[in-house]
Amino acid sequence: MGIPKLLLRLLLLLQVTTALAQLSPIETAETVPAADQWLQPGDRLQVRLKGQPGATATFLGGKSMNELSPMLTNGQLGIYQGTYVVQPGDTLFDRLIAFELLTADSMRTVAFSQNTVRFLNQNAPQLAVTKGPLAYLNYGLGEDRLGGAKMGYLDSLVVLNINGKVGNQYRVRLAENQIAWVPENSVRLLPPGGFMPGSLTGSWSVQGDSLYDYVRVPLTERLPYRSQLLTEPTRLVIDVFGATSNTNWITQRAGLQALGDVHYEQVQPDVFRLVLHLRHRQSWGYSIGYQNNVLTIRVKRPPAKMHLRGLTVAVDAGHGGTNTGAVGASGAREKDLTLAIAQRLRRKLEHKGARVLMTRDADLSVDNGDRILRLRQANPDLLVSIHVNSSSSKTVRGTSTYYRYVAFRPLSTAIYAEMLRTGLPGFGNVGSFNFGLNGPTEYPNALVETAFVSNSDDERLLTSPEFQQRMAEHITRGLTNFLRNSRQPGLRGWLSRRPAAQ
Ligand SMILES: [Zn+2]
């Protein structure tokens, strides 16, 4: 009938096109990386072509490419590479890169890259402003299941100088020799031609109200910043990019409880560093944002009493709804296990007198970004996020805890020590963890990967109501121990570390 005939024709067509592809002297031609790019003078446009060996390859209207020695290509012939350093005055606006291959028998073939390239005009700087409540900077272009390593969140309407782009991330010039990356959807581009962001700093005010301590630094526009909460001694270090000191005094008013000495350093001509010493060994978090163009750092004070009674603890049950999470060998689902453990933990904490905020209390889909925003509004004292772990190796098992910032490490350390007392083997207390709910700086937080659902022994424990209860009890004890250890104020902590005076 008609169908076999059509099939035959299709097969024939396929054979002809394959033959043509084999005949074409250029197999592939691409930019490296193979992504849409914006480049500025001094940046390198890198290209690669795979084609007939022994030919002459060029790109970008005659720039030459080199055929690589087979020693560099595992013996493969016909791999050509080229680099062009973008020069001032070069123009190119979102164009595909043209390649040309001239073979020994004088056959000329042209091909185009799949991705576009733009050369930025430095005489008309490209600015952008951050948008939304969760704009953030990344250190680099790396990606994994946790996303790129984050430098930190930024307030909205922060002015950024965009000096490049790869794929869906813009490169941000923070200061001389300092860059970051920002996802396309975190910013709104301004028409090219603004001035580079920069500001002199005004004189600071440092004061406390009934709830928080504040440091306020007036600027003429919202500049990007990066913060680090460091320990021993406990201090908050904030770099403001594009800022230059004109701070002639720092007014320290009454009412301060968390802040000790504050000072600044101009670490390079366009980086202004605030150093805020904290009076307590354990930091309870901070937030940075702008009130108009005044950079405002709000520092949390320790709770009045270091007991669970009266404290607000956020409990996060990982995954949920359409987000199942990991699935065990005999079918246990992460989203059910995390909810069961979180609910037991809530009851335990409430029994101790804590107020508990659940990020979800049913089988619901809740995005991690929404969880972070809700927590920011609810302003808990602490957060514990509950997940179950999974590995491609069925023999890997045990319990682990995770923190992002060293200053919050004592919380995960205390929970980890107690989780080991459940009898689970240890898988570690892991730092610098780039998990969304370890990202907030507003309150100490820890992630508990209770056990491995991918291991049959651990899965049996995770699904046992008695063992779920036991984990909830030990996490609660971990929190109690953390609070007890945090009781010591900074001064006494310092004295106790000193050798006894004669
Ligand atoms: Zn998970």
# chains A, B, ... in the order shown; residues from 1 in each chain; ligands from 1

call {"tool": "residues_around", "arguments": {"residues": "Ala98 (chain A)", "least_positions_apart": "6", "cutoff": "9 Å", "atoms": "only C-alpha atoms", "output": "list in words"}}
result
Ala29, Thr58, Phe59, Leu60, Gly61, Val110, Ala111, Phe112 and Ser113 of chain A

call {"tool": "write_last_selection", "arguments": {"atoms": "N, CA, C and O atoms", "output": "mmCIF file, in the first residue's frame"}}
result
data_model
loop_
_atom_site.group_PDB
_atom_site.id
_atom_site.type_symbol
_atom_site.label_atom_id
_atom_site.label_comp_id
_atom_site.auth_asym_id
_atom_site.auth_seq_id
_atom_site.Cartn_x
_atom_site.Cartn_y
_atom_site.Cartn_z
ATOM 1 N N ALA A 29 30.571 23.937 13.856
ATOM 2 C CA ALA A 29 31.243 25.220 14.055
ATOM 3 C C ALA A 29 30.543 25.898 15.219
ATOM 4 O O ALA A 29 29.325 26.028 15.214
ATOM 5 N N THR A 58 38.946 29.977 8.841
ATOM 6 C CA THR A 58 38.905 31.346 9.369
ATOM 7 C C THR A 58 37.533 31.605 9.975
ATOM 8 O O THR A 58 36.585 30.870 9.732
ATOM 9 N N PHE A 59 37.467 32.679 10.791
ATOM 10 C CA PHE A 59 36.170 33.090 11.375
ATOM 11 C C PHE A 59 36.152 34.598 11.470
ATOM 12 O O PHE A 59 37.195 35.255 11.327
ATOM 13 N N LEU A 60 34.972 35.155 11.705
ATOM 14 C CA LEU A 60 34.813 36.588 11.940
ATOM 15 C C LEU A 60 35.475 37.403 10.818
ATOM 16 O O LEU A 60 36.211 38.348 11.085
ATOM 17 N N GLY A 61 35.233 36.996 9.559
ATOM 18 C CA GLY A 61 35.745 37.758 8.417
ATOM 19 C C GLY A 61 37.249 37.694 8.268
ATOM 20 O O GLY A 61 37.900 38.744 8.142
ATOM 21 N N VAL A 110 31.041 27.679 3.933
ATOM 22 C CA VAL A 110 30.718 28.632 5.005
ATOM 23 C C VAL A 110 29.756 27.972 5.988
ATOM 24 O O VAL A 110 28.887 27.198 5.589
ATOM 25 N N ALA A 111 29.936 28.246 7.289
ATOM 26 C CA ALA A 111 29.003 27.742 8.305
ATOM 27 C C ALA A 111 28.837 28.822 9.372
ATOM 28 O O ALA A 111 29.653 29.750 9.457
ATOM 29 N N PHE A 112 27.793 28.699 10.171
ATOM 30 C CA PHE A 112 27.527 29.688 11.222
ATOM 31 C C PHE A 112 27.401 29.009 12.578
ATOM 32 O O PHE A 112 26.935 27.873 12.682
ATOM 33 N N SER A 113 27.802 29.758 13.612
ATOM 34 C CA SER A 113 27.619 29.251 14.982
ATOM 35 C C SER A 113 26.127 29.216 15.286
ATOM 36 O O SER A 113 25.331 29.890 14.639
#

call {"tool": "residues_near_ligand", "arguments": {"ligand": "ligand 1", "cutoff": "8 Å", "atoms": "only C-alpha atoms and all ligand atoms", "output": "ChimeraX atom specification"}}
result
/A:318-319,325-326,334-335,386-389,449

call {"tool": "write_last_selection", "arguments": {"atoms": "C-alpha atoms", "output": "PDB file, in the first residue's frame"}}
result
ATOM      1  CA  GLY A 318      11.441  19.251  52.477  1.00  0.00           C
ATOM      2  CA  HIS A 319       9.723  18.728  49.111  1.00  0.00           C
ATOM      3  CA  GLY A 325      12.091  14.091  46.417  1.00  0.00           C
ATOM      4  CA  ALA A 326      14.046  10.859  46.689  1.00  0.00           C
ATOM      5  CA  GLU A 334      11.032  11.671  50.792  1.00  0.00           C
ATOM      6  CA  LYS A 335       8.119  14.143  50.894  1.00  0.00           C
ATOM      7  CA  ILE A 386      14.268  18.220  57.354  1.00  0.00           C
ATOM      8  CA  HIS A 387      15.210  16.102  54.342  1.00  0.00           C
ATOM      9  CA  VAL A 388      16.202  12.506  53.665  1.00  0.00           C
ATOM     10  CA  ASN A 389      19.351  11.704  51.742  1.00  0.00           C
ATOM     11  CA  GLU A 449      19.548  14.935  56.065  1.00  0.00           C
TER      12      GLU A 449
END

call {"tool": "select_by_dssp", "arguments": {"residues": "region 255-464 of chain A", "states": "helix (DSSP H, G or I)", "output": "PyMOL selection string"}}
result
chain A and resi 334-351+368-378+406-420+436-438+456-463

call {"tool": "closest_residue", "arguments": {"among": "A:Leu72, A:Val366, A:Ala243, A:Leu424", "to": "Val267 (chain A)", "atoms": "only C-alpha atoms"}}
result
A:Ala243

call {"tool": "closest_residue", "arguments": {"among": "A:Ser393, A:Asn74, A:Asn163, A:Gln114", "to": "Asp43 (chain A)", "atoms": "only C-alpha atoms"}}
result
A:Asn163

call {"tool": "closest_residue", "arguments": {"among": "A:Val240, A:Ala34, A:Val206, A:Leu127", "to": "Leu190 (chain A)", "atoms": "only C-alpha atoms"}}
result
A:Leu127

call {"tool": "atom_distance", "arguments": {"atom1": "CA of Glu466 (chain A)", "atom2": "CA of Leu311 (chain A)"}}
result
26.5 Å

call {"tool": "residues_around", "arguments": {"residues": "His263 (chain A)", "least_positions_apart": "3", "cutoff": "9 Å", "atoms": "only C-alpha atoms", "output": "VMD selection string"}}
result
chain A and resid 250 273 to 277

call {"tool": "residues_around", "arguments": {"residues": "Gln282 (chain A)", "least_positions_apart": "4", "cutoff": "10 Å", "atoms": "only C-alpha atoms", "output": "PyMOL selection string"}}
result
chain A and resi 231-232+234+278+301-302+407-411+444+482-483+485-490

call {"tool": "write_last_selection", "arguments": {"atoms": "all heavy atoms", "output": "compact mmCIF listing (two decimals), in the first residue's frame"}}
result
# COMPACT_ATOMS: atom_id res chain seq x y z
N THR A 231 33.70 34.34 62.67
CA THR A 231 33.75 33.98 64.09
C THR A 231 35.15 34.22 64.65
O THR A 231 36.11 34.35 63.90
CB THR A 231 33.39 32.50 64.27
OG1 THR A 231 34.24 31.71 63.45
CG2 THR A 231 31.94 32.24 63.87
N GLU A 232 35.21 34.23 65.97
CA GLU A 232 36.47 34.34 66.73
C GLU A 232 37.40 35.45 66.24
O GLU A 232 38.44 35.15 65.63
CB GLU A 232 37.20 32.99 66.73
CG GLU A 232 36.38 31.94 67.46
CD GLU A 232 37.11 30.62 67.61
OE1 GLU A 232 38.35 30.61 67.67
OE2 GLU A 232 36.43 29.60 67.68
N THR A 234 33.48 37.18 66.77
CA THR A 234 32.28 37.25 65.95
C THR A 234 32.15 38.64 65.34
O THR A 234 32.18 39.65 66.06
CB THR A 234 31.04 36.96 66.83
OG1 THR A 234 31.31 35.80 67.59
CG2 THR A 234 29.82 36.71 65.96
N LEU A 278 30.52 41.97 66.90
CA LEU A 278 29.32 41.60 67.64
C LEU A 278 29.72 41.22 69.06
O LEU A 278 30.79 40.63 69.28
CB LEU A 278 28.59 40.44 66.96
CG LEU A 278 28.20 40.71 65.50
CD1 LEU A 278 27.47 39.51 64.91
CD2 LEU A 278 27.33 41.95 65.38
N ARG A 301 19.44 40.55 67.91
CA ARG A 301 19.98 40.33 69.26
C ARG A 301 19.69 38.91 69.70
O ARG A 301 18.74 38.30 69.20
CB ARG A 301 19.31 41.30 70.23
CG ARG A 301 19.63 42.73 69.88
CD ARG A 301 18.74 43.67 70.64
NE ARG A 301 19.04 45.04 70.29
CZ ARG A 301 18.23 46.06 70.55
NH1 ARG A 301 17.08 45.85 71.18
NH2 ARG A 301 18.57 47.28 70.19
N PRO A 302 20.47 38.38 70.62
CA PRO A 302 20.16 37.04 71.12
C PRO A 302 18.79 37.07 71.82
O PRO A 302 18.39 38.11 72.35
CB PRO A 302 21.26 36.77 72.15
CG PRO A 302 22.33 37.77 71.86
CD PRO A 302 21.67 38.96 71.26
N ALA A 407 29.26 30.98 61.04
CA ALA A 407 28.68 31.51 62.28
C ALA A 407 27.46 30.70 62.72
O ALA A 407 27.07 30.75 63.88
CB ALA A 407 28.29 32.98 62.11
N PHE A 408 26.85 29.95 61.79
CA PHE A 408 25.69 29.14 62.15
C PHE A 408 26.07 27.66 62.36
O PHE A 408 25.22 26.82 62.60
CB PHE A 408 24.60 29.25 61.08
CG PHE A 408 24.02 30.64 60.93
CD1 PHE A 408 23.37 31.02 59.77
CD2 PHE A 408 24.11 31.55 61.97
CE1 PHE A 408 22.83 32.30 59.64
CE2 PHE A 408 23.57 32.84 61.85
CZ PHE A 408 22.94 33.21 60.68
N ARG A 409 27.35 27.36 62.25
CA ARG A 409 27.81 25.99 62.40
C ARG A 409 27.44 25.38 63.76
O ARG A 409 27.06 24.20 63.81
CB ARG A 409 29.33 25.93 62.18
CG ARG A 409 29.93 24.56 62.34
CD ARG A 409 31.37 24.54 61.82
NE ARG A 409 31.96 23.24 62.04
CZ ARG A 409 32.74 22.94 63.06
NH1 ARG A 409 33.03 23.85 63.97
NH2 ARG A 409 33.23 21.73 63.19
N PRO A 410 27.52 26.15 64.86
CA PRO A 410 27.20 25.53 66.16
C PRO A 410 25.80 24.90 66.19
O PRO A 410 25.60 23.91 66.90
CB PRO A 410 27.29 26.71 67.13
CG PRO A 410 28.28 27.63 66.50
CD PRO A 410 28.01 27.54 65.02
N LEU A 411 24.85 25.43 65.45
CA LEU A 411 23.50 24.85 65.44
C LEU A 411 23.53 23.46 64.81
O LEU A 411 23.02 22.49 65.38
CB LEU A 411 22.53 25.77 64.68
CG LEU A 411 21.11 25.24 64.54
CD1 LEU A 411 20.45 25.05 65.90
CD2 LEU A 411 20.26 26.17 63.66
N PRO A 444 19.88 31.78 62.53
CA PRO A 444 20.67 30.55 62.41
C PRO A 444 19.81 29.44 61.81
O PRO A 444 18.62 29.33 62.14
CB PRO A 444 21.04 30.22 63.87
CG PRO A 444 20.93 31.53 64.59
CD PRO A 444 19.81 32.26 63.92
N PHE A 482 22.19 23.58 71.77
CA PHE A 482 22.67 24.78 71.06
C PHE A 482 22.37 26.02 71.90
O PHE A 482 23.22 26.90 72.06
CB PHE A 482 22.00 24.89 69.69
CG PHE A 482 22.16 26.23 69.04
CD1 PHE A 482 23.37 26.63 68.52
CD2 PHE A 482 21.08 27.11 68.96
CE1 PHE A 482 23.52 27.88 67.92
CE2 PHE A 482 21.22 28.36 68.37
CZ PHE A 482 22.44 28.74 67.85
N LEU A 483 21.15 26.08 72.43
CA LEU A 483 20.76 27.25 73.23
C LEU A 483 21.62 27.34 74.50
O LEU A 483 22.08 28.42 74.87
CB LEU A 483 19.27 27.17 73.60
CG LEU A 483 18.31 27.33 72.42
CD1 LEU A 483 16.89 26.99 72.82
CD2 LEU A 483 18.38 28.75 71.87
N ASN A 485 24.64 26.21 74.93
CA ASN A 485 26.00 26.63 74.56
C ASN A 485 26.06 28.10 74.18
O ASN A 485 27.12 28.72 74.26
CB ASN A 485 26.51 25.80 73.38
CG ASN A 485 26.63 24.33 73.72
OD1 ASN A 485 26.71 23.98 74.91
ND2 ASN A 485 26.63 23.48 72.70
N SER A 486 24.94 28.64 73.71
CA SER A 486 24.93 30.05 73.26
C SER A 486 24.76 31.01 74.42
O SER A 486 24.82 32.22 74.24
CB SER A 486 23.78 30.28 72.28
OG SER A 486 23.83 29.35 71.24
N ARG A 487 24.49 30.48 75.60
CA ARG A 487 24.15 31.33 76.73
C ARG A 487 25.28 32.28 77.11
O ARG A 487 25.05 33.41 77.49
CB ARG A 487 23.83 30.43 77.94
CG ARG A 487 22.55 30.82 78.64
CD ARG A 487 22.14 29.73 79.61
NE ARG A 487 21.07 28.93 79.07
CZ ARG A 487 20.67 27.78 79.61
NH1 ARG A 487 21.29 27.28 80.66
NH2 ARG A 487 19.68 27.11 79.08
N GLN A 488 26.51 31.76 76.97
CA GLN A 488 27.68 32.53 77.39
C GLN A 488 27.82 33.81 76.56
O GLN A 488 27.95 33.73 75.35
CB GLN A 488 28.88 31.66 77.08
CG GLN A 488 30.00 31.77 78.01
CD GLN A 488 31.01 30.68 77.67
OE1 GLN A 488 30.92 30.02 76.65
NE2 GLN A 488 31.96 30.51 78.54
N PRO A 489 27.82 34.97 77.17
CA PRO A 489 28.04 36.17 76.37
C PRO A 489 29.49 36.25 75.90
O PRO A 489 30.35 35.54 76.44
CB PRO A 489 27.68 37.30 77.32
CG PRO A 489 27.85 36.73 78.69
CD PRO A 489 27.64 35.25 78.59
N GLY A 490 29.74 37.10 74.94
CA GLY A 490 31.06 37.17 74.31
C GLY A 490 32.18 37.38 75.30
O GLY A 490 33.21 36.71 75.25
